[in-house]
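A.B. asks: Would you mind keeping the following structure in view while I ask a few things?
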Amino acid sequence: MTTWNELINAGMECTRCGLCQERHHVVFGVGNPHAKVMFIGEGPGEQEDLQGEPFVGRAGQLLDKLLYAVDLDRRTNVYITNIVKCRPPHNRDPEQAEQDACIGYLREQTRLIRPKIIVTLGRIAGTKLIKPDLKITREHGTWFERRNVWMMPMLHPAAVLRNQNQMEGALRDFIILREKINEICPEVYDMTSS
């Protein structure tokens with residue numbers, strides 16, 4: 001059985017796909033490894049690659065504001081990661097082979113964290129993890145249950161930045177998330193960093 005540190009060390013040295021060739025950092029994740037709420041995006045962008053942490057650019061700043069609006073914080077009571085841990089060139093969508101090469105790390109992260117709620121950020125994460133025919137603009141904010149884990153697709157913060165008309169829907173999704181946390185795992189709001 002893999003430990004958290006073994007998993008991170010393996011991820012940091014990964015060469016399973018071509019994304020390793022131009023990366024500055026492996027962007028493994030950030031947050032509380034005992035969190036009951038896990039956010040999963042598609043892959044790191046330029047700022048994430050440079051800093052080694054997911055969602056730190058403009059989209060990450062918006063994500064932090066939305067988290068704060070419902071009393072969540074990337075350092076204390078949630079865990080944030082991506083499907084792929086290295087930046088696709090020019091922030092293109094991760095290719096299927098890249099996703100397949102990296103999905104084992106995500107599965108192990110999920111197994112070790114054991115979240116009660118998984119939030120996917122954007123179309124790629126939603127179609128990969130919730131259902132292949134997910135329509136993100138219609139189904140964001142909708143709950144799906146898989147193996148006793150509640151899953152919700154949300155709009156990607158970068159998409160909300162590109163289309164400010166989606167801000168109201170994005171905030172509504174976070175309010176729906178807070179309601180589900182209070183229903184099934186209210187201890188999230190008592191967590192401190194471990």
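Residues in the structure tokens are named by chain (A, B, ... in the order shown) and by number from 1 within that chain; ligands are numbered from 1 in the order shown.
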What parts of region 82-127 of chain A does DSSP call strand (DSSP E)? I'd like the answer as a PyMOL selection string.
C.D. replies: chain A and resi 82+117-121
A.B. asks: Select from region 91-127 of chain A every residue with an atom at most 12 Å from any atom of region 52-71 of chain A, then for each give the shortest pair of atoms and their distance in Å to one decimal, using only C-alpha atoms, rows by chain and rising number, as a tab-separated table.
C.D. replies:
```
residue	atom	partner	partner_atom	distance
A:Val119	CA	A:Leu67	CA	11.9
A:Leu121	CA	A:Leu63	CA	9.8
A:Gly122	CA	A:Ala59	CA	11.6
```
A.B. asks: For Ala97 (chain A), which residue among A:Gly141, A:Met191, A:Glu183, A:Cys17 is the nearest when counting only C-alpha atoms?
C.D. replies: A:Cys17
A.B. asks: Can you work out which one of A:Val30, A:Ala125, A:Ala35, A:Leu50 has the shortest atom-to-atom distance to Ile80 (chain A), counting only C-alpha atoms?
C.D. replies: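 Ranked by minimum distance to Ile80 (chain A), first place goes to A:Val30.
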A.B. asks: Enter the distance from CA of Val27 (chain A) to CA of Asn163 (chain A), in Å, rounded to one decimal.
C.D. replies: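 Computed distance, CA of Val27 (chain A) to CA of Asn163 (chain A), equals 26.3 Å.
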A.B. asks: Can you tell me which residues surround region 98-111 of chain A at a distance of at most 8 Å, considering only C-alpha atoms, apart from same-chain residues fewer than 4 positions away, and format the answer as an NGL selection string?
C.D. replies: :A and (2 or 4 or 7 or 11 or 16-19 or 82-85 or 94 or 115)
A.B. asks: Keeping only N, CA, C and O atoms, write those residues as a PDB file, in the first residue's frame.
C.D. replies:
```pdb
ATOM      1  N   THR A   2       0.586   2.187  -0.860  1.00  0.00           N
ATOM      2  CA  THR A   2       1.371   3.405  -1.007  1.00  0.00           C
ATOM      3  C   THR A   2       1.043   4.405   0.096  1.00  0.00           C
ATOM      4  O   THR A   2      -0.111   4.597   0.439  1.00  0.00           O
ATOM      5  N   TRP A   4       1.298   8.475   1.546  1.00  0.00           N
ATOM      6  CA  TRP A   4       1.176   9.800   0.933  1.00  0.00           C
ATOM      7  C   TRP A   4       2.533  10.291   0.427  1.00  0.00           C
ATOM      8  O   TRP A   4       2.655  10.751  -0.712  1.00  0.00           O
ATOM      9  N   LEU A   7       3.731   8.421  -2.646  1.00  0.00           N
ATOM     10  CA  LEU A   7       2.985   8.843  -3.830  1.00  0.00           C
ATOM     11  C   LEU A   7       3.515  10.171  -4.365  1.00  0.00           C
ATOM     12  O   LEU A   7       3.745  10.317  -5.569  1.00  0.00           O
ATOM     13  N   GLY A  11       5.341  10.818  -7.971  1.00  0.00           N
ATOM     14  CA  GLY A  11       4.805  11.820  -8.893  1.00  0.00           C
ATOM     15  C   GLY A  11       5.836  12.856  -9.289  1.00  0.00           C
ATOM     16  O   GLY A  11       5.898  13.281 -10.454  1.00  0.00           O
ATOM     17  N   ARG A  16       6.171   9.355 -17.284  1.00  0.00           N
ATOM     18  CA  ARG A  16       5.250   8.459 -17.992  1.00  0.00           C
ATOM     19  C   ARG A  16       4.747   9.012 -19.316  1.00  0.00           C
ATOM     20  O   ARG A  16       4.244   8.264 -20.140  1.00  0.00           O
ATOM     21  N   CYS A  17       4.805  10.338 -19.494  1.00  0.00           N
ATOM     22  CA  CYS A  17       4.359  10.911 -20.778  1.00  0.00           C
ATOM     23  C   CYS A  17       5.261  12.078 -21.147  1.00  0.00           C
ATOM     24  O   CYS A  17       6.101  12.517 -20.343  1.00  0.00           O
ATOM     25  N   GLY A  18       5.080  12.602 -22.328  1.00  0.00           N
ATOM     26  CA  GLY A  18       5.940  13.667 -22.838  1.00  0.00           C
ATOM     27  C   GLY A  18       5.820  14.997 -22.119  1.00  0.00           C
ATOM     28  O   GLY A  18       6.675  15.869 -22.282  1.00  0.00           O
ATOM     29  N   LEU A  19       4.788  15.166 -21.297  1.00  0.00           N
ATOM     30  CA  LEU A  19       4.645  16.438 -20.585  1.00  0.00           C
ATOM     31  C   LEU A  19       5.807  16.686 -19.620  1.00  0.00           C
ATOM     32  O   LEU A  19       6.097  17.831 -19.268  1.00  0.00           O
ATOM     33  N   ASN A  82      -5.239  18.207  -9.989  1.00  0.00           N
ATOM     34  CA  ASN A  82      -5.647  18.127 -11.389  1.00  0.00           C
ATOM     35  C   ASN A  82      -5.532  16.692 -11.876  1.00  0.00           C
ATOM     36  O   ASN A  82      -4.835  15.871 -11.256  1.00  0.00           O
ATOM     37  N   ILE A  83      -6.148  16.419 -13.015  1.00  0.00           N
ATOM     38  CA  ILE A  83      -6.017  15.101 -13.633  1.00  0.00           C
ATOM     39  C   ILE A  83      -4.573  14.863 -14.043  1.00  0.00           C
ATOM     40  O   ILE A  83      -3.979  13.856 -13.704  1.00  0.00           O
ATOM     41  N   VAL A  84      -3.987  15.801 -14.799  1.00  0.00           N
ATOM     42  CA  VAL A  84      -2.575  15.685 -15.159  1.00  0.00           C
ATOM     43  C   VAL A  84      -1.775  16.628 -14.268  1.00  0.00           C
ATOM     44  O   VAL A  84      -2.245  17.692 -13.877  1.00  0.00           O
ATOM     45  N   LYS A  85      -0.566  16.215 -13.943  1.00  0.00           N
ATOM     46  CA  LYS A  85       0.253  16.939 -12.968  1.00  0.00           C
ATOM     47  C   LYS A  85       1.309  17.837 -13.617  1.00  0.00           C
ATOM     48  O   LYS A  85       2.017  18.551 -12.915  1.00  0.00           O
ATOM     49  N   PRO A  94      -5.367  18.483 -21.994  1.00  0.00           N
ATOM     50  CA  PRO A  94      -4.519  17.285 -21.904  1.00  0.00           C
ATOM     51  C   PRO A  94      -5.040  16.198 -22.846  1.00  0.00           C
ATOM     52  O   PRO A  94      -6.246  15.947 -22.905  1.00  0.00           O
ATOM     53  N   PRO A 115     -12.175  11.327   0.025  1.00  0.00           N
ATOM     54  CA  PRO A 115     -13.138  12.432   0.132  1.00  0.00           C
ATOM     55  C   PRO A 115     -14.571  11.929   0.131  1.00  0.00           C
ATOM     56  O   PRO A 115     -14.867  10.863  -0.419  1.00  0.00           O
TER      57      PRO A 115
END
```
A.B. asks: Running DSSP on the backbone, which parts of chain A land in alpha helix (DSSP H), as a VMD selection string?
C.D. replies: chain A and resid 4 to 12 46 to 51 58 to 69 96 to 113 123 to 129 136 to 139 157 to 162 167 to 184
A.B. asks: One decimal, in Å: what's the spacing between CA of Asp133 (chain A) and CA of Leu112 (chain A)?
C.D. replies: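 Computing the Euclidean distance for CA of Asp133 (chain A) and CA of Leu112 (chain A) yields 27.9 Å.
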